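I have placed the structure first, in the form of structure tokens, so that the comments after it can refer back to it.
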Amino acid sequence: MLTRKQLWRAARDALLYVSLCTVTFIVCFPLIWALSTSLKPKSEIFATPPTLVPRTLTFENYEALLTGRQQYYHSGPQTAPSGPTPAQFFTRWFVNSVIVTAGSTLISIVISTLAAYSLTRFRYWGRSVVPYFSLLGYMVPSIIFVFPLFLMMVRLELTDSLWSLIFGYVSITLPFCMWLMWAFMRSIPIEIEEAALIDGASRYQVFRQVVLPTALPGIIAASIFAMIVSWNDYLFGRVFINSLDNLTLTVGVMLFFEGTHVDWGLLMAASVLMTVPMAILFMALQRHLVAGFGAGAVKG
Amino acid sequence: MEVRLERINKRFGAVQILKDIDLVFPSRKFVTLLGPSGCGKTTLLRMIAGLEDITAGKIWFGERVVNELAPRDRNIAMVFQSYALYPQMTVRRNLGYGLRVRGTPVSEIDTAVERVARILEIDHLLERKPAQLSGGQRQRVALGRAMVRKPDIFLMDEPLSNLDAKLRVTMRGELRRFHLDLNATTIYVTHDQLEAMTMSDLIAVMHHGVVQQYGTPAEIYSKPANLFVAGFIGSPPMNFLEGEISNRRFLVGDGSLPLPALQVEANAQKAVLGVRPQDLSRAPAAGQDTITGTISLVELLGSEKLVEVQLQNRKRMSIQLRADAFVEMGALFHLRFDPQRLHLFDKESGNIIPASN
Ligand SMILES: Nc1ncnc2c1ncn2[C@@H]1O[C@H](COP(=O)(O)OP(=O)(O)OP(=O)(O)O)[C@@H](O)[C@H]1O
Ligand SMILES: [Mg+2]
């Protein structure tokens, strides 16, 4: 027999889970809807009443994006457009996004890690104010930076190349990454480096074998920031790039809206594919992030 | 290996932290740097380790001046106050790191690590990370990391200060044993005089960046060189009375006490008399060598009783009696001073006024 107290507790738990599930569902709904739409045939997308779980499952949207094949003959009276379609460029844009995200993140992280190490471990003029000044840039909306940066890219003859985006993203992610790494490095006790020096390590070995692994959670946090900014950026991609070949996903996907016809299934499939790599990356890195923080203790 | 400090000075900017330190740490001895917080012990130890620049002076390891030698080339090991374990490495890798970076073959590293882990009784913790250890276990790992390489010189900076009182007592004995096993010159830093007294062959008492006295624990306890050492060593602390030396007696307030023969007899010299609570005794009645006061506080310490006696000049003296001694608050108390167990210090300089024997 359940006692009153046990019943009460069970009811409370049930209520808790129900409300948690509801909130989770609401938060995830746009994603779920996008996923659902992307898996529906065109006839079902506008069905009334709308279906959350597709009645007929189709991968034609994904197929179209990944193979670049046109799908227009399915969709009623329209004739296939004469020019190239966004779907044909999807893989290309995807690769571009990966390149600029990876490139700019890598550059930002390398520079900011080294800079933070120097700022926390060596004495020179201005070393205490640099981290604070580095944040000033974020007080200004980035639209203000875009055109001066664009003019600089013109000078450097880098416009319409992925390099312009890589450098652009580095310029907006580096200061914050550096600040983050600085705050992190500051919390690493200098004694563990000194212990390594006494143990027989060279300066370089100390950095490679002791400082970097200890700073790993910070590096991961900074990388996540840099990747989010670069992967999701629209403004720079829009301004710096003008050939279809060099667009990134964010700007490219907007082209699905052009013209009179919006292929929602295709658009949603593209959105899902855009989200997936980031989601996977997060899940993989999050574990490191937490594990790293737990291992930081030095004192008893 | 003998370590010799020759007129070592250290300045941070304009602040002089260490002044003309001259010390010899004899080979294989356990030497303690003892002093209050901020007196420069850690700084001196770090200079010996090569982690801190030397403003002036020379450090010798045996026949060699090591001022310019990198820490890794000094064949030293150091236990930091914070332990400074490598947080992302397991205990096994922490212990073996010093051998690994020096290119020791893996099989040798394993043997050495396991030997040390067995001695320190941490062999069941080898696969854990430092965060998963207790304070005492971390401390052992830090010790083990230092022992594994067979250093010539073993440096320890307050390794016991993060442990609880009981563990600290056990570890004192163990550290002493490790020292004997290790056959290295040990330089140990602490601000705890009891630690210093129980573990050391020699103690250097430091204050304000100056070595106040350097000697065996017995010397430092029984013949303190100055007021600072006298007050710093011993528990409960030494009693001090200000007065004047006159005709081989010490005049204090309205009483006077007999003094031992002094090396240089003095007259009308302002002086401070020091006497340990253990060296005072109770006289049944007032006499030539007593001062009288009233009992103002009684503390039972277990096997002893600490009695505080307030003199006429309101000065308080503490005396240690057996726990079963009968004392009553507010009662008269005659303190007997043994002339052979008094310490006299010059009031101006604070230095000892030596007795003649
Ligand atoms: N890097 C530094 N820059 C300036 N002053 C310093 C520096 N390191 C230490 N000091 C000063 O030097 C003095 C001695 O410091 P040290 O750490 O050697 O003291 P300590 O005797 O080890 O004290 P504790 O028992 O508290 O550890 C202190 O007054 C401290 O403020
Ligand atoms: Mg210290």
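We label chains A, B, ... in the order they appear in the structure tokens, count residues from 1 in each chain, and number ligands from 1 in the order shown.
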**Message:** So that I can see what lies close to stretch 281-294 of chain B, please list as a PyMOL selection string the residues with an atom at most 7 Å from it, counting only C-alpha atoms and leaving out residues fewer than 2 positions away in the same chain.
**Reply:** chain B and resi 255+257-258+279+296+309-312+330-337
Writer output for current selection, all heavy atoms, as a CSV table (one decimal), in the first residue's frame:
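Ended up saving to part06.csv:
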chain,number,residue,atom,x,y,z
B,255,GLY,N,60.5,45.1,43.3
B,255,GLY,CA,61.2,43.9,43.7
B,255,GLY,C,62.5,43.9,43.1
B,255,GLY,O,62.9,44.7,42.2
B,257,LEU,N,65.7,40.7,41.7
B,257,LEU,CA,66.0,39.3,41.6
B,257,LEU,C,67.4,39.1,41.4
B,257,LEU,O,68.1,39.9,40.8
B,257,LEU,CB,65.2,38.7,40.3
B,257,LEU,CG,63.7,38.7,40.4
B,257,LEU,CD1,63.1,38.5,39.0
B,257,LEU,CD2,63.2,37.6,41.3
B,258,PRO,N,68.0,38.0,41.9
B,258,PRO,CA,69.4,37.7,41.7
B,258,PRO,C,69.7,37.3,40.3
B,258,PRO,O,68.9,36.7,39.7
B,258,PRO,CB,69.7,36.5,42.7
B,258,PRO,CG,68.4,35.8,42.8
B,258,PRO,CD,67.3,36.9,42.7
B,279,ASP,N,60.2,27.3,33.5
B,279,ASP,CA,61.4,27.5,34.3
B,279,ASP,C,61.1,28.3,35.6
B,279,ASP,O,61.9,28.5,36.4
B,279,ASP,CB,62.5,28.3,33.5
B,279,ASP,CG,63.0,27.4,32.4
B,279,ASP,OD1,62.8,26.2,32.5
B,279,ASP,OD2,63.6,28.0,31.4
B,296,SER,N,45.6,35.5,38.4
B,296,SER,CA,44.5,36.2,37.6
B,296,SER,C,43.8,35.2,36.6
B,296,SER,O,42.8,35.6,36.1
B,296,SER,CB,45.1,37.4,36.9
B,296,SER,OG,46.1,37.0,36.1
B,309,VAL,N,49.9,35.0,36.6
B,309,VAL,CA,50.1,35.8,37.9
B,309,VAL,C,50.3,37.2,37.5
B,309,VAL,O,51.1,37.6,36.7
B,309,VAL,CB,51.3,35.3,38.6
B,309,VAL,CG1,51.5,36.1,39.9
B,309,VAL,CG2,51.1,33.8,39.0
B,310,GLN,N,49.4,38.1,38.1
B,310,GLN,CA,49.6,39.5,37.9
B,310,GLN,C,50.4,40.1,38.9
B,310,GLN,O,50.2,40.0,40.1
B,310,GLN,CB,48.2,40.1,37.8
B,310,GLN,CG,48.3,41.6,37.5
B,310,GLN,CD,46.9,42.1,37.0
B,310,GLN,OE1,45.9,41.4,37.0
B,310,GLN,NE2,46.9,43.4,36.6
B,311,LEU,N,51.5,40.8,38.5
B,311,LEU,CA,52.4,41.4,39.4
B,311,LEU,C,51.9,42.8,39.8
B,311,LEU,O,50.9,43.3,39.3
B,311,LEU,CB,53.8,41.6,38.8
B,311,LEU,CG,54.4,40.3,38.3
B,311,LEU,CD1,55.8,40.5,37.7
B,311,LEU,CD2,54.4,39.2,39.4
B,312,GLN,N,52.6,43.4,40.8
B,312,GLN,CA,52.1,44.8,41.3
B,312,GLN,C,52.1,45.8,40.2
B,312,GLN,O,51.3,46.6,40.1
B,312,GLN,CB,53.0,45.3,42.4
B,312,GLN,CG,52.4,45.1,43.8
B,312,GLN,CD,53.2,44.1,44.6
B,312,GLN,OE1,54.4,44.0,44.4
B,312,GLN,NE2,52.5,43.5,45.6
B,330,GLY,N,42.8,34.8,42.5
B,330,GLY,CA,42.9,35.9,43.4
B,330,GLY,C,43.8,35.7,44.6
B,330,GLY,O,44.1,36.6,45.3
B,331,ALA,N,44.3,34.4,44.7
B,331,ALA,CA,45.2,34.2,45.8
B,331,ALA,C,46.6,34.7,45.6
B,331,ALA,O,47.0,35.0,44.4
B,331,ALA,CB,45.3,32.7,46.1
B,332,LEU,N,47.4,35.0,46.6
B,332,LEU,CA,48.8,35.4,46.5
B,332,LEU,C,49.6,34.3,45.9
B,332,LEU,O,49.4,33.1,46.2
B,332,LEU,CB,49.4,35.9,47.8
B,332,LEU,CG,49.0,37.3,48.3
B,332,LEU,CD1,49.8,37.6,49.5
B,332,LEU,CD2,49.3,38.3,47.2
B,333,PHE,N,50.6,34.6,45.1
B,333,PHE,CA,51.5,33.6,44.5
B,333,PHE,C,52.9,34.1,44.4
B,333,PHE,O,53.2,35.2,44.0
B,333,PHE,CB,51.0,33.3,43.1
B,333,PHE,CG,51.5,32.1,42.5
B,333,PHE,CD1,50.8,30.9,42.4
B,333,PHE,CD2,52.8,32.0,41.9
B,333,PHE,CE1,51.3,29.7,41.9
B,333,PHE,CE2,53.3,30.9,41.4
B,333,PHE,CZ,52.5,29.7,41.3
B,334,HIS,N,53.8,33.3,45.0
B,334,HIS,CA,55.2,33.8,45.0
B,334,HIS,C,56.0,33.0,43.9
B,334,HIS,O,56.1,31.8,43.9
B,334,HIS,CB,55.9,33.4,46.4
B,334,HIS,CG,55.1,33.9,47.5
B,334,HIS,ND1,55.0,35.2,47.8
B,334,HIS,CD2,54.3,33.3,48.4
B,334,HIS,CE1,54.2,35.4,48.9
B,334,HIS,NE2,53.8,34.2,49.3
B,335,LEU,N,56.4,33.8,42.9
B,335,LEU,CA,57.1,33.2,41.8
B,335,LEU,C,58.6,33.1,42.1
B,335,LEU,O,59.2,34.2,42.4
B,335,LEU,CB,57.0,34.1,40.6
B,335,LEU,CG,55.6,34.2,39.9
B,335,LEU,CD1,55.5,35.4,39.0
B,335,LEU,CD2,55.4,32.9,39.1
B,336,ARG,N,59.2,31.9,41.9
B,336,ARG,CA,60.6,31.8,42.2
B,336,ARG,C,61.4,31.8,40.8
B,336,ARG,O,61.0,31.0,39.9
B,336,ARG,CB,60.9,30.5,43.0
B,336,ARG,CG,62.4,30.2,43.0
B,336,ARG,CD,62.7,29.1,43.9
B,336,ARG,NE,62.6,29.4,45.3
B,336,ARG,CZ,62.2,28.6,46.2
B,336,ARG,NH1,61.8,27.4,45.9
B,336,ARG,NH2,62.2,28.9,47.5
B,337,PHE,N,62.4,32.6,40.7
B,337,PHE,CA,63.2,32.7,39.5
B,337,PHE,C,64.5,31.9,39.8
B,337,PHE,O,65.2,32.3,40.7
B,337,PHE,CB,63.5,34.1,39.1
B,337,PHE,CG,62.3,34.9,38.7
B,337,PHE,CD1,61.3,35.3,39.6
B,337,PHE,CD2,62.1,35.2,37.4
B,337,PHE,CE1,60.2,36.0,39.2
B,337,PHE,CE2,61.0,35.9,36.9
B,337,PHE,CZ,60.0,36.3,37.9
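Each residue with an atom within 7 Å of any atom of ligand 2 appears in the list, which was built counting only C-alpha atoms and all ligand atoms: Ser37, Gly38, Lys41, Thr42 and Asp157 of chain B.
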**Prompt:** So which residues touch stretch 248-259 of chain A within 7 Å, counting only C-alpha atoms, skipping near sequence neighbours fewer than 3 positions away, as a VMD selection string?
**Reply:** chain A and resid 86 93 to 94 96 to 97 232 to 234 237 to 238 262 to 263 267
**Request:** Please give the complete set of residues from stretch 44-163 of chain A that DSSP, run on the backbone, assigns to helix (DSSP H, G or I), formatted as an MDAnalysis selection string.
**Result:** chainID A and resid 44:45 60:67 72:74 86:121 130:139 142:155 162:163
May I have the residues within 10 Å of stretch 216-223 of chain B as a compact mmCIF listing (two decimals) with N, CA and C atoms, in the first residue's frame, using only C-alpha atoms and disregarding those fewer than 5 positions away in the same chain?
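File written: part.txt
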# COMPACT_ATOMS: atom_id res chain seq x y z
N VAL B 31 67.50 21.08 7.54
CA VAL B 31 67.59 22.44 8.04
C VAL B 31 66.27 23.15 7.82
N THR B 32 65.81 23.85 8.83
CA THR B 32 64.53 24.54 8.74
C THR B 32 64.72 26.04 8.71
N GLN B 193 56.87 26.75 14.99
CA GLN B 193 58.09 26.47 15.73
C GLN B 193 58.15 25.03 16.24
N ALA B 196 59.45 22.92 13.51
CA ALA B 196 60.89 23.15 13.36
C ALA B 196 61.66 22.43 14.47
N MET B 197 61.20 22.56 15.70
CA MET B 197 61.91 21.98 16.82
C MET B 197 61.95 20.45 16.72
N THR B 198 60.84 19.84 16.30
CA THR B 198 60.78 18.39 16.34
C THR B 198 61.50 17.73 15.16
N MET B 199 61.61 18.43 14.02
CA MET B 199 62.11 17.75 12.84
C MET B 199 63.56 18.08 12.49
N SER B 200 64.06 19.23 12.91
CA SER B 200 65.28 19.74 12.29
C SER B 200 66.56 19.30 12.98
N ASP B 201 67.63 19.25 12.17
CA ASP B 201 68.97 19.19 12.73
C ASP B 201 69.42 20.60 13.08
N LEU B 202 69.07 21.53 12.20
CA LEU B 202 69.45 22.93 12.42
C LEU B 202 68.27 23.82 12.08
N ILE B 203 68.17 24.94 12.78
CA ILE B 203 67.09 25.89 12.50
C ILE B 203 67.70 27.26 12.25
N ALA B 204 67.23 27.91 11.19
CA ALA B 204 67.58 29.31 10.98
C ALA B 204 66.33 30.12 11.26
N VAL B 205 66.38 30.93 12.30
CA VAL B 205 65.21 31.75 12.63
C VAL B 205 65.33 33.06 11.86
N VAL B 229 63.95 35.90 18.91
CA VAL B 229 64.04 34.44 18.95
C VAL B 229 63.45 33.92 20.26
N ALA B 230 63.78 34.61 21.35
CA ALA B 230 63.28 34.18 22.65
C ALA B 230 61.76 34.16 22.67
N PHE B 232 59.78 34.02 20.00
CA PHE B 232 59.18 33.23 18.93
C PHE B 232 59.22 31.74 19.24
N ILE B 233 60.27 31.29 19.92
CA ILE B 233 60.45 29.86 20.18
C ILE B 233 59.91 29.53 21.58
N GLY B 234 59.22 28.43 21.66
CA GLY B 234 58.72 27.99 22.95
C GLY B 234 57.24 28.23 23.09
N ARG B 276 61.04 31.34 30.82
CA ARG B 276 59.99 30.50 30.27
C ARG B 276 59.02 30.06 31.36
N ARG B 341 68.37 29.97 34.89
CA ARG B 341 67.40 29.78 33.80
C ARG B 341 66.79 31.09 33.35
N LEU B 342 67.50 32.15 33.59
CA LEU B 342 67.03 33.46 33.14
C LEU B 342 67.75 33.83 31.85
N HIS B 343 67.07 34.65 31.05
CA HIS B 343 67.71 35.18 29.85
C HIS B 343 67.64 36.69 29.95
N ILE B 352 71.13 39.34 23.33
CA ILE B 352 71.35 38.67 24.61
C ILE B 352 72.52 39.33 25.35
N PRO B 354 75.18 37.97 27.55
CA PRO B 354 75.54 36.59 27.88
C PRO B 354 75.99 36.43 29.33
**Residue nearest ligand 1 - candidates B:Val148, B:Met156, B:Ala84, B:Ile59, atoms counted: only C-alpha atoms and all ligand atoms** = B:Met156
**Item:** Cut-off 10 Å, only C-alpha atoms and all ligand atoms, neighbours of ligand 1 as a PyMOL selection string
**Value:** chain B and resi 10-18+33-47+52+81+157-158+161+189-192+206-209
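Atom pair atom CA of B:Ile122 / atom CA of A:Val206 has a distance of 25.6 Å (rounded to one decimal).
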Counting only C-alpha atoms, which residues of chain B fall within 8 Å of chain A, and what is the closest atom pair for each with its distance in Å at one decimal, ordered by chain and rising number, as JSON lines?
{"residue": "B:Ala49", "atom": "CA", "partner": "A:Ile198", "partner_atom": "CA", "distance": 7.6}
{"residue": "B:Leu51", "atom": "CA", "partner": "A:Glu194", "partner_atom": "CA", "distance": 7.2}
{"residue": "B:Pro71", "atom": "CA", "partner": "A:Ile198", "partner_atom": "CA", "distance": 5.1}
{"residue": "B:Arg72", "atom": "CA", "partner": "A:Gly200", "partner_atom": "CA", "distance": 4.2}
{"residue": "B:Asp73", "atom": "CA", "partner": "A:Gly200", "partner_atom": "CA", "distance": 7.3}
{"residue": "B:Ile76", "atom": "CA", "partner": "A:Ile198", "partner_atom": "CA", "distance": 6.9}
{"residue": "B:Ala77", "atom": "CA", "partner": "A:Ile198", "partner_atom": "CA", "distance": 6.5}
{"residue": "B:Met78", "atom": "CA", "partner": "A:Ala195", "partner_atom": "CA", "distance": 7.2}
{"residue": "B:Phe80", "atom": "CA", "partner": "A:Glu191", "partner_atom": "CA", "distance": 7.3}
{"residue": "B:Ser82", "atom": "CA", "partner": "A:Lys299", "partner_atom": "CA", "distance": 5.3}
{"residue": "B:Tyr83", "atom": "CA", "partner": "A:Lys299", "partner_atom": "CA", "distance": 6.8}
{"residue": "B:Ala84", "atom": "CA", "partner": "A:Ile192", "partner_atom": "CA", "distance": 4.6}
{"residue": "B:Leu85", "atom": "CA", "partner": "A:Ile192", "partner_atom": "CA", "distance": 6.3}
{"residue": "B:Tyr86", "atom": "CA", "partner": "A:Ile192", "partner_atom": "CA", "distance": 6.2}
{"residue": "B:Pro87", "atom": "CA", "partner": "A:Gly296", "partner_atom": "CA", "distance": 5.7}
{"residue": "B:Gln88", "atom": "CA", "partner": "A:Thr214", "partner_atom": "CA", "distance": 6.1}
{"residue": "B:Tyr97", "atom": "CA", "partner": "A:Asp199", "partner_atom": "CA", "distance": 7.1}
{"residue": "B:Gly98", "atom": "CA", "partner": "A:Asp199", "partner_atom": "CA", "distance": 4.3}
{"residue": "B:Leu99", "atom": "CA", "partner": "A:Asp199", "partner_atom": "CA", "distance": 7.8}
{"residue": "B:Val101", "atom": "CA", "partner": "A:Ala201", "partner_atom": "CA", "distance": 5.9}
{"residue": "B:Arg102", "atom": "CA", "partner": "A:Gly200", "partner_atom": "CA", "distance": 6.4}
{"residue": "B:Lys129", "atom": "CA", "partner": "A:Ala295", "partner_atom": "CA", "distance": 7.2}
{"residue": "B:Pro130", "atom": "CA", "partner": "A:Val298", "partner_atom": "CA", "distance": 7.3}
{"residue": "B:Ala131", "atom": "CA", "partner": "A:Ala295", "partner_atom": "CA", "distance": 5.3}
{"residue": "B:Ser134", "atom": "CA", "partner": "A:Gly300", "partner_atom": "CA", "distance": 6.7}
{"residue": "B:Gly135", "atom": "CA", "partner": "A:Gly300", "partner_atom": "CA", "distance": 4.2}
{"residue": "B:Gly136", "atom": "CA", "partner": "A:Gly300", "partner_atom": "CA", "distance": 7.8}
{"residue": "B:Arg138", "atom": "CA", "partner": "A:Gly300", "partner_atom": "CA", "distance": 7.2}
{"residue": "B:Asn162", "atom": "CA", "partner": "A:Gly300", "partner_atom": "CA", "distance": 6.4}
{"residue": "B:Leu163", "atom": "CA", "partner": "A:Gly300", "partner_atom": "CA", "distance": 7.9}
**Asked** Expressed in Å to a single decimal, how great is the separation between atom CA of A:Trp182 and atom CA of A:Met139?
**Response** 19.3 Å
**B:Pro159, B:Glu108, B:Arg4, B:Ser27 ranked by distance to B:Arg64, top pick (using only C-alpha atoms)** =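 The shortest atom-to-atom distance to B:Arg64 comes from B:Arg4.
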**Item:** Atom-to-atom span, atom CA of B:Phe250 and atom CA of B:Glu308, Å
**Value:** 21.2 Å
**Request:** List every residue of stretch 32-150 of chain B that DSSP, applied to the backbone, labels as strand (DSSP E), and write the result as number ranges by chain.
**Result:** B: 32-34, 56-61, 64-65, 76-79
Output N, CA and C atoms for every residue in the selection just made, as a PDB file, in the first residue's frame.
ATOM      1  N   THR B  32      65.811  23.850   8.835  1.00  0.00           N
ATOM      2  CA  THR B  32      64.526  24.536   8.737  1.00  0.00           C
ATOM      3  C   THR B  32      64.721  26.043   8.712  1.00  0.00           C
ATOM      4  N   LEU B  33      64.019  26.694   7.795  1.00  0.00           N
ATOM      5  CA  LEU B  33      63.921  28.152   7.827  1.00  0.00           C
ATOM      6  C   LEU B  33      62.634  28.471   8.570  1.00  0.00           C
ATOM      7  N   LEU B  34      62.773  29.106   9.701  1.00  0.00           N
ATOM      8  CA  LEU B  34      61.618  29.347  10.554  1.00  0.00           C
ATOM      9  C   LEU B  34      61.436  30.844  10.737  1.00  0.00           C
ATOM     10  N   ALA B  56      71.609  40.154  -5.180  1.00  0.00           N
ATOM     11  CA  ALA B  56      73.051  40.185  -4.939  1.00  0.00           C
ATOM     12  C   ALA B  56      73.408  38.979  -4.106  1.00  0.00           C
ATOM     13  N   GLY B  57      74.664  38.542  -4.219  1.00  0.00           N
ATOM     14  CA  GLY B  57      75.124  37.403  -3.438  1.00  0.00           C
ATOM     15  C   GLY B  57      75.307  36.167  -4.296  1.00  0.00           C
ATOM     16  N   LYS B  58      75.747  35.108  -3.650  1.00  0.00           N
ATOM     17  CA  LYS B  58      76.038  33.868  -4.383  1.00  0.00           C
ATOM     18  C   LYS B  58      75.407  32.695  -3.677  1.00  0.00           C
ATOM     19  N   ILE B  59      74.922  31.745  -4.474  1.00  0.00           N
ATOM     20  CA  ILE B  59      74.456  30.480  -3.916  1.00  0.00           C
ATOM     21  C   ILE B  59      75.382  29.390  -4.431  1.00  0.00           C
ATOM     22  N   TRP B  60      75.932  28.621  -3.525  1.00  0.00           N
ATOM     23  CA  TRP B  60      76.810  27.521  -3.893  1.00  0.00           C
ATOM     24  C   TRP B  60      76.125  26.198  -3.647  1.00  0.00           C
ATOM     25  N   PHE B  61      76.219  25.284  -4.608  1.00  0.00           N
ATOM     26  CA  PHE B  61      75.873  23.884  -4.368  1.00  0.00           C
ATOM     27  C   PHE B  61      77.202  23.148  -4.401  1.00  0.00           C
ATOM     28  N   ARG B  64      80.128  24.635  -6.571  1.00  0.00           N
ATOM     29  CA  ARG B  64      79.678  25.289  -7.777  1.00  0.00           C
ATOM     30  C   ARG B  64      78.738  26.453  -7.439  1.00  0.00           C
ATOM     31  N   VAL B  65      78.962  27.608  -8.082  1.00  0.00           N
ATOM     32  CA  VAL B  65      78.024  28.712  -7.941  1.00  0.00           C
ATOM     33  C   VAL B  65      76.866  28.462  -8.894  1.00  0.00           C
ATOM     34  N   ILE B  76      67.303  19.388  -7.992  1.00  0.00           N
ATOM     35  CA  ILE B  76      66.579  19.636  -6.751  1.00  0.00           C
ATOM     36  C   ILE B  76      65.163  19.104  -6.907  1.00  0.00           C
ATOM     37  N   ALA B  77      64.482  18.979  -5.811  1.00  0.00           N
ATOM     38  CA  ALA B  77      63.057  18.684  -5.874  1.00  0.00           C
ATOM     39  C   ALA B  77      62.385  19.608  -4.878  1.00  0.00           C
ATOM     40  N   MET B  78      61.163  19.974  -5.187  1.00  0.00           N
ATOM     41  CA  MET B  78      60.502  20.941  -4.309  1.00  0.00           C
ATOM     42  C   MET B  78      59.060  20.518  -4.069  1.00  0.00           C
ATOM     43  N   VAL B  79      58.639  20.635  -2.829  1.00  0.00           N
ATOM     44  CA  VAL B  79      57.234  20.421  -2.496  1.00  0.00           C
ATOM     45  C   VAL B  79      56.636  21.791  -2.201  1.00  0.00           C
TER      46      VAL B  79
END
Got a sec: who's within 7 Å of B:Asp123, counting only C-alpha atoms, leaving out chain neighbours fewer than 5 positions off, as a short mmCIF file (atom, residue, chain, number, x, y, z; two decimals) with N, CA, C and O atoms, in the first residue's frame?
data_model
loop_
_atom_site.label_atom_id
_atom_site.label_comp_id
_atom_site.auth_asym_id
_atom_site.auth_seq_id
_atom_site.Cartn_x
_atom_site.Cartn_y
_atom_site.Cartn_z
N GLU B 114 56.28 3.06 -8.80
CA GLU B 114 55.62 2.10 -7.92
C GLU B 114 56.34 1.95 -6.59
O GLU B 114 55.71 1.78 -5.54
N ALA B 117 55.34 5.01 -4.59
CA ALA B 117 53.93 4.92 -4.22
C ALA B 117 53.74 3.95 -3.07
O ALA B 117 52.92 4.17 -2.18
N ARG B 118 54.54 2.85 -3.09
CA ARG B 118 54.44 1.89 -2.01
C ARG B 118 54.91 2.49 -0.69
O ARG B 118 54.25 2.38 0.32
#
